[in-house]
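What follows is one structure encoded as structure tokens, with my remarks underneath.
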Amino acid sequence: MGERETWTTEEFGISHEGAVGVLLADGSVPAPAHFDTGSGPHVQSTSQWSVYDGRFPRVPRAAALRAVCSCGWAGPEHRLDWEAIGEQELAEAADDEADACVRDWDGHTTAVEATTVPLPDSLTALLERLEEEIDQLAKTSPVAAVRAARRTQITAERAGYWAARATRQDLNAVEAAAALGLDEDAARKELARFGHWSPYSG
């Protein structure tokens, strides 16, 4: 896959990395586009949706855009009207369709969050209050805010140690990943980080 603009959330990271995907007229997904930069043997590869305008050799023209996610989810198609686009740059002419893809992916991550293990309202409120307090502290004493953030990190790691080990005993990899809204690899690494074991152990 060539380089392209992607989006992530702080909580789910690359487990749900979104992007604008391209569909051709036959419903297929095009291969990455390659461009010779003229600087030696290096050939730039990209899957950025805006290059698929059919104006370059071996770069097909997009028929529709849709949101895609690294988890395998794909959003609805947003068809491109090439009669209306004409000679405009695709990046500008299809900006509304690309924005619609972002909104579709936002809806997807909201749906993912709804399937994760719920947190008590009191704890959610406490975490939000803690963040607000540290933000306020940073306005008068940034270094104190750094210390507070560090103490928060230490507290989280200490509290997460036994929680991670209990989770390892109670849930299999698939169940833990679903509860956290992560893919299995990311969930394994996160539990290993908190539980202080190698993510590559059995």
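We name chains A, B, ... following the order of the structure tokens; residues begin at 1 in each chain, and ligands are numbered from 1 as shown.
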
Sel. of strand (DSSP E) residues, range 25-180 of chain A, as a PDB file with all heavy atoms, in the first residue's frame:
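What landed in out.pdb:
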ATOM      1  N   ALA A  33      -0.342   4.164  -6.972  1.00  0.00           N
ATOM      2  CA  ALA A  33       0.179   4.887  -8.129  1.00  0.00           C
ATOM      3  C   ALA A  33       1.668   5.135  -7.929  1.00  0.00           C
ATOM      4  O   ALA A  33       2.119   5.437  -6.821  1.00  0.00           O
ATOM      5  CB  ALA A  33      -0.556   6.204  -8.291  1.00  0.00           C
ATOM      6  N   HIS A  34       2.435   4.979  -8.990  1.00  0.00           N
ATOM      7  CA  HIS A  34       3.882   5.157  -8.926  1.00  0.00           C
ATOM      8  C   HIS A  34       4.289   6.348  -9.783  1.00  0.00           C
ATOM      9  O   HIS A  34       3.848   6.485 -10.930  1.00  0.00           O
ATOM     10  CB  HIS A  34       4.603   3.892  -9.410  1.00  0.00           C
ATOM     11  CG  HIS A  34       4.302   2.689  -8.579  1.00  0.00           C
ATOM     12  ND1 HIS A  34       4.918   2.431  -7.384  1.00  0.00           N
ATOM     13  CD2 HIS A  34       3.418   1.671  -8.772  1.00  0.00           C
ATOM     14  CE1 HIS A  34       4.460   1.309  -6.875  1.00  0.00           C
ATOM     15  NE2 HIS A  34       3.535   0.823  -7.692  1.00  0.00           N
ATOM     16  N   PHE A  35       5.139   7.198  -9.202  1.00  0.00           N
ATOM     17  CA  PHE A  35       5.612   8.379  -9.907  1.00  0.00           C
ATOM     18  C   PHE A  35       7.132   8.429  -9.847  1.00  0.00           C
ATOM     19  O   PHE A  35       7.724   8.344  -8.762  1.00  0.00           O
ATOM     20  CB  PHE A  35       5.041   9.656  -9.282  1.00  0.00           C
ATOM     21  CG  PHE A  35       3.540   9.744  -9.357  1.00  0.00           C
ATOM     22  CD1 PHE A  35       2.748   9.317  -8.303  1.00  0.00           C
ATOM     23  CD2 PHE A  35       2.928  10.233 -10.500  1.00  0.00           C
ATOM     24  CE1 PHE A  35       1.369   9.395  -8.365  1.00  0.00           C
ATOM     25  CE2 PHE A  35       1.541  10.316 -10.576  1.00  0.00           C
ATOM     26  CZ  PHE A  35       0.759   9.894  -9.517  1.00  0.00           C
ATOM     27  N   ASP A  36       7.749   8.575 -10.993  1.00  0.00           N
ATOM     28  CA  ASP A  36       9.202   8.698 -11.072  1.00  0.00           C
ATOM     29  C   ASP A  36       9.586  10.131 -10.733  1.00  0.00           C
ATOM     30  O   ASP A  36       9.221  11.072 -11.449  1.00  0.00           O
ATOM     31  CB  ASP A  36       9.677   8.344 -12.479  1.00  0.00           C
ATOM     32  CG  ASP A  36      11.204   8.282 -12.568  1.00  0.00           C
ATOM     33  OD1 ASP A  36      11.876   8.695 -11.605  1.00  0.00           O
ATOM     34  OD2 ASP A  36      11.705   7.826 -13.604  1.00  0.00           O
ATOM     35  N   VAL A  43      11.302   5.503  -6.796  1.00  0.00           N
ATOM     36  CA  VAL A  43       9.998   5.763  -7.395  1.00  0.00           C
ATOM     37  C   VAL A  43       8.990   5.931  -6.270  1.00  0.00           C
ATOM     38  O   VAL A  43       8.826   5.050  -5.432  1.00  0.00           O
ATOM     39  CB  VAL A  43       9.568   4.614  -8.331  1.00  0.00           C
ATOM     40  CG1 VAL A  43       8.171   4.871  -8.873  1.00  0.00           C
ATOM     41  CG2 VAL A  43      10.560   4.460  -9.472  1.00  0.00           C
ATOM     42  N   GLN A  44       8.340   7.088  -6.250  1.00  0.00           N
ATOM     43  CA  GLN A  44       7.372   7.365  -5.193  1.00  0.00           C
ATOM     44  C   GLN A  44       6.100   6.574  -5.418  1.00  0.00           C
ATOM     45  O   GLN A  44       5.586   6.485  -6.529  1.00  0.00           O
ATOM     46  CB  GLN A  44       7.062   8.861  -5.155  1.00  0.00           C
ATOM     47  CG  GLN A  44       6.087   9.253  -4.053  1.00  0.00           C
ATOM     48  CD  GLN A  44       5.791  10.741  -4.058  1.00  0.00           C
ATOM     49  OE1 GLN A  44       6.303  11.487  -4.879  1.00  0.00           O
ATOM     50  NE2 GLN A  44       4.957  11.166  -3.127  1.00  0.00           N
ATOM     51  N   SER A  45       5.579   5.987  -4.332  1.00  0.00           N
ATOM     52  CA  SER A  45       4.343   5.212  -4.387  1.00  0.00           C
ATOM     53  C   SER A  45       3.318   5.862  -3.470  1.00  0.00           C
ATOM     54  O   SER A  45       3.628   6.217  -2.329  1.00  0.00           O
ATOM     55  CB  SER A  45       4.611   3.773  -3.937  1.00  0.00           C
ATOM     56  OG  SER A  45       3.414   3.049  -3.814  1.00  0.00           O
ATOM     57  N   THR A  46       2.106   6.033  -3.964  1.00  0.00           N
ATOM     58  CA  THR A  46       1.063   6.651  -3.160  1.00  0.00           C
ATOM     59  C   THR A  46      -0.289   6.027  -3.453  1.00  0.00           C
ATOM     60  O   THR A  46      -0.553   5.590  -4.575  1.00  0.00           O
ATOM     61  CB  THR A  46       0.995   8.173  -3.399  1.00  0.00           C
ATOM     62  OG1 THR A  46      -0.043   8.742  -2.573  1.00  0.00           O
ATOM     63  CG2 THR A  46       0.691   8.488  -4.854  1.00  0.00           C
ATOM     64  N   ALA A  64     -15.498   6.367  -7.455  1.00  0.00           N
ATOM     65  CA  ALA A  64     -16.148   6.659  -6.170  1.00  0.00           C
ATOM     66  C   ALA A  64     -15.103   6.670  -5.064  1.00  0.00           C
ATOM     67  O   ALA A  64     -14.028   6.074  -5.191  1.00  0.00           O
ATOM     68  CB  ALA A  64     -17.221   5.608  -5.865  1.00  0.00           C
ATOM     69  N   LEU A  65     -15.435   7.342  -3.995  1.00  0.00           N
ATOM     70  CA  LEU A  65     -14.620   7.347  -2.790  1.00  0.00           C
ATOM     71  C   LEU A  65     -15.417   6.704  -1.667  1.00  0.00           C
ATOM     72  O   LEU A  65     -16.645   6.761  -1.655  1.00  0.00           O
ATOM     73  CB  LEU A  65     -14.244   8.784  -2.390  1.00  0.00           C
ATOM     74  CG  LEU A  65     -13.542   9.652  -3.430  1.00  0.00           C
ATOM     75  CD1 LEU A  65     -13.249  11.029  -2.848  1.00  0.00           C
ATOM     76  CD2 LEU A  65     -12.274   8.990  -3.932  1.00  0.00           C
ATOM     77  N   ARG A  66     -14.708   6.101  -0.737  1.00  0.00           N
ATOM     78  CA  ARG A  66     -15.361   5.547   0.447  1.00  0.00           C
ATOM     79  C   ARG A  66     -14.339   5.515   1.579  1.00  0.00           C
ATOM     80  O   ARG A  66     -13.132   5.410   1.348  1.00  0.00           O
ATOM     81  CB  ARG A  66     -15.890   4.137   0.187  1.00  0.00           C
ATOM     82  CG  ARG A  66     -14.818   3.113  -0.124  1.00  0.00           C
ATOM     83  CD  ARG A  66     -15.389   1.723  -0.253  1.00  0.00           C
ATOM     84  NE  ARG A  66     -14.326   0.746  -0.572  1.00  0.00           N
ATOM     85  CZ  ARG A  66     -14.524  -0.563  -0.655  1.00  0.00           C
ATOM     86  NH1 ARG A  66     -15.726  -1.069  -0.450  1.00  0.00           N
ATOM     87  NH2 ARG A  66     -13.512  -1.372  -0.940  1.00  0.00           N
ATOM     88  N   ALA A  67     -14.834   5.604   2.788  1.00  0.00           N
ATOM     89  CA  ALA A  67     -13.953   5.483   3.949  1.00  0.00           C
ATOM     90  C   ALA A  67     -13.560   4.026   4.129  1.00  0.00           C
ATOM     91  O   ALA A  67     -14.374   3.115   3.904  1.00  0.00           O
ATOM     92  CB  ALA A  67     -14.664   5.979   5.202  1.00  0.00           C
ATOM     93  N   VAL A  68     -12.304   3.797   4.490  1.00  0.00           N
ATOM     94  CA  VAL A  68     -11.828   2.448   4.793  1.00  0.00           C
ATOM     95  C   VAL A  68     -11.092   2.491   6.122  1.00  0.00           C
ATOM     96  O   VAL A  68     -10.609   3.544   6.553  1.00  0.00           O
ATOM     97  CB  VAL A  68     -10.908   1.906   3.683  1.00  0.00           C
ATOM     98  CG1 VAL A  68     -11.683   1.703   2.390  1.00  0.00           C
ATOM     99  CG2 VAL A  68      -9.720   2.835   3.445  1.00  0.00           C
ATOM    100  N   CYS A  69     -11.003   1.338   6.779  1.00  0.00           N
ATOM    101  CA  CYS A  69     -10.356   1.245   8.075  1.00  0.00           C
ATOM    102  C   CYS A  69      -9.423   0.043   8.088  1.00  0.00           C
ATOM    103  O   CYS A  69      -9.679  -0.964   7.415  1.00  0.00           O
ATOM    104  CB  CYS A  69     -11.404   1.118   9.191  1.00  0.00           C
ATOM    105  SG  CYS A  69     -10.715   1.077  10.866  1.00  0.00           S
ATOM    106  N   HIS A  78     -19.262   7.060  -2.271  1.00  0.00           N
ATOM    107  CA  HIS A  78     -19.632   8.419  -2.645  1.00  0.00           C
ATOM    108  C   HIS A  78     -19.155   8.621  -4.087  1.00  0.00           C
ATOM    109  O   HIS A  78     -17.961   8.777  -4.352  1.00  0.00           O
ATOM    110  CB  HIS A  78     -18.981   9.435  -1.694  1.00  0.00           C
ATOM    111  CG  HIS A  78     -19.404   9.259  -0.270  1.00  0.00           C
ATOM    112  ND1 HIS A  78     -20.604   9.737   0.213  1.00  0.00           N
ATOM    113  CD2 HIS A  78     -18.804   8.616   0.771  1.00  0.00           C
ATOM    114  CE1 HIS A  78     -20.720   9.418   1.502  1.00  0.00           C
ATOM    115  NE2 HIS A  78     -19.648   8.735   1.854  1.00  0.00           N
ATOM    116  N   ARG A  79     -20.129   8.580  -5.020  1.00  0.00           N
ATOM    117  CA  ARG A  79     -19.803   8.601  -6.440  1.00  0.00           C
ATOM    118  C   ARG A  79     -19.261   9.964  -6.868  1.00  0.00           C
ATOM    119  O   ARG A  79     -19.648  11.014  -6.338  1.00  0.00           O
ATOM    120  CB  ARG A  79     -21.045   8.273  -7.269  1.00  0.00           C
ATOM    121  CG  ARG A  79     -21.766   6.993  -6.873  1.00  0.00           C
ATOM    122  CD  ARG A  79     -20.917   5.756  -7.085  1.00  0.00           C
ATOM    123  NE  ARG A  79     -20.593   5.522  -8.491  1.00  0.00           N
ATOM    124  CZ  ARG A  79     -19.911   4.471  -8.920  1.00  0.00           C
ATOM    125  NH1 ARG A  79     -19.465   3.551  -8.055  1.00  0.00           N
ATOM    126  NH2 ARG A  79     -19.657   4.321 -10.205  1.00  0.00           N
TER     127      ARG A  79
END

**Report entry** Contacts of Thr9 in chain A within 12 Å, only C-alpha atoms, excl. fewer than 6 positions in-chain, as a list in words
**Finding:** Ser15, His16, Glu17, Gly18, Cys69, Trp105, Asp106, His108, Thr109, Thr110, Val112, Glu113, Gly181 and Leu182 of chain A

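The gap separating CA of Leu191 in chain A from CA of Ala173 in chain A is 10.0 Å, in Å to one decimal.
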
Requested in this report: Excluding Tyr200 in chain A and any residue of its chain fewer than 5 positions from it, enumerate the residues within 10 Å of it, using only C-alpha atoms, and give them as a ChimeraX atom specification.
Outcome: /A:185,188-189,192

Query raised in the report: Which residue gives the smallest distance to Arg168 in chain A among A:Thr140, A:Ala156, A:Asp183, A:Pro199, with only C-alpha atoms counted?
Result: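 Of the candidates, the smallest distance to Arg168 in chain A is held by A:Pro199.
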
Query raised in the report: Looking at A:Ala148, A:Ala19, A:Leu123, A:Ala94, which one is nearest to Gly72 in chain A, with distances taken over only C-alpha atoms?
Result: A:Ala19

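Atom pair CA of Ala62 in chain A / CA of Leu24 in chain A: separated by 5.0 Å.
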
Query raised in the report: Near Arg55 in chain A, within 12 Å and counting only C-alpha atoms, which residues show up once chain neighbours fewer than 4 positions away are dropped, as a PyMOL selection string?
Result: chain A and resi 33+50-51+59-62+86-90

Output file for the residues above (all heavy atoms, as a compact mmCIF listing (two decimals), in the first residue's frame):
# COMPACT_ATOMS: atom_id res chain seq x y z
N ALA A 33 -0.34 4.16 -6.97
CA ALA A 33 0.18 4.89 -8.13
C ALA A 33 1.67 5.14 -7.93
O ALA A 33 2.12 5.44 -6.82
CB ALA A 33 -0.56 6.20 -8.29
N SER A 50 -6.58 11.58 -4.13
CA SER A 50 -6.63 12.70 -5.06
C SER A 50 -5.76 12.52 -6.30
O SER A 50 -5.87 13.32 -7.25
CB SER A 50 -6.23 13.99 -4.33
OG SER A 50 -4.96 13.84 -3.72
N VAL A 51 -4.90 11.50 -6.34
CA VAL A 51 -4.07 11.30 -7.54
C VAL A 51 -4.79 10.48 -8.60
O VAL A 51 -4.34 10.43 -9.75
CB VAL A 51 -2.72 10.62 -7.20
CG1 VAL A 51 -1.99 11.40 -6.12
CG2 VAL A 51 -2.88 9.17 -6.83
N VAL A 59 -2.26 5.45 -14.17
CA VAL A 59 -3.01 5.88 -12.98
C VAL A 59 -4.48 6.01 -13.38
O VAL A 59 -4.84 6.92 -14.13
CB VAL A 59 -2.49 7.21 -12.42
CG1 VAL A 59 -3.33 7.63 -11.21
CG2 VAL A 59 -1.03 7.11 -12.04
N PRO A 60 -5.33 5.07 -12.94
CA PRO A 60 -6.73 5.08 -13.39
C PRO A 60 -7.53 6.21 -12.75
O PRO A 60 -7.07 6.88 -11.82
CB PRO A 60 -7.24 3.71 -12.92
CG PRO A 60 -6.40 3.40 -11.73
CD PRO A 60 -5.04 3.96 -12.03
N ARG A 61 -8.74 6.40 -13.23
CA ARG A 61 -9.61 7.44 -12.72
C ARG A 61 -10.59 6.85 -11.72
O ARG A 61 -11.25 5.84 -11.97
CB ARG A 61 -10.39 8.10 -13.87
CG ARG A 61 -11.12 9.35 -13.46
CD ARG A 61 -11.64 10.12 -14.66
NE ARG A 61 -12.83 9.49 -15.24
CZ ARG A 61 -13.57 10.07 -16.18
NH1 ARG A 61 -13.21 11.25 -16.68
NH2 ARG A 61 -14.63 9.45 -16.65
N ALA A 62 -10.70 7.47 -10.56
CA ALA A 62 -11.61 7.00 -9.52
C ALA A 62 -13.06 7.20 -9.95
O ALA A 62 -13.41 8.22 -10.56
CB ALA A 62 -11.36 7.76 -8.22
N GLY A 86 -14.86 17.98 -14.46
CA GLY A 86 -14.19 18.54 -15.63
C GLY A 86 -12.69 18.56 -15.49
O GLY A 86 -12.06 17.55 -15.19
N GLU A 87 -12.11 19.74 -15.65
CA GLU A 87 -10.66 19.90 -15.59
C GLU A 87 -10.17 20.35 -14.22
O GLU A 87 -8.99 20.67 -14.05
CB GLU A 87 -10.20 20.91 -16.65
CG GLU A 87 -10.45 20.47 -18.08
CD GLU A 87 -9.75 19.15 -18.39
OE1 GLU A 87 -8.56 19.01 -18.02
OE2 GLU A 87 -10.38 18.27 -19.01
N GLN A 88 -11.04 20.38 -13.24
CA GLN A 88 -10.64 20.79 -11.90
C GLN A 88 -9.69 19.76 -11.29
O GLN A 88 -9.72 18.57 -11.64
CB GLN A 88 -11.86 20.93 -10.99
CG GLN A 88 -12.89 21.94 -11.42
CD GLN A 88 -14.06 21.91 -10.45
OE1 GLN A 88 -13.98 22.40 -9.32
NE2 GLN A 88 -15.17 21.34 -10.91
N GLU A 89 -8.89 20.21 -10.34
CA GLU A 89 -8.07 19.29 -9.56
C GLU A 89 -8.99 18.45 -8.69
O GLU A 89 -9.89 18.98 -8.02
CB GLU A 89 -7.07 20.06 -8.69
CG GLU A 89 -6.00 20.79 -9.46
CD GLU A 89 -5.05 19.85 -10.16
OE1 GLU A 89 -4.86 18.71 -9.67
OE2 GLU A 89 -4.49 20.23 -11.21
N LEU A 90 -8.76 17.14 -8.70
CA LEU A 90 -9.65 16.24 -7.95
C LEU A 90 -9.64 16.56 -6.46
O LEU A 90 -10.68 16.45 -5.79
CB LEU A 90 -9.22 14.79 -8.19
CG LEU A 90 -10.12 13.71 -7.57
CD1 LEU A 90 -11.56 13.84 -8.07
CD2 LEU A 90 -9.58 12.32 -7.88

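In terms of minimum interatomic distance to Ile154 in chain A, A:Phe194 ranks closest within A:Phe194, A:Pro30, A:Glu77, A:Ala63, counting only C-alpha atoms.
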
Query raised in the report: When distances are computed from only C-alpha atoms, which of A:Glu83, A:Glu3, A:Gly27, A:Ile134 shows the smallest separation from Arg147 in chain A?
Result: A:Ile134
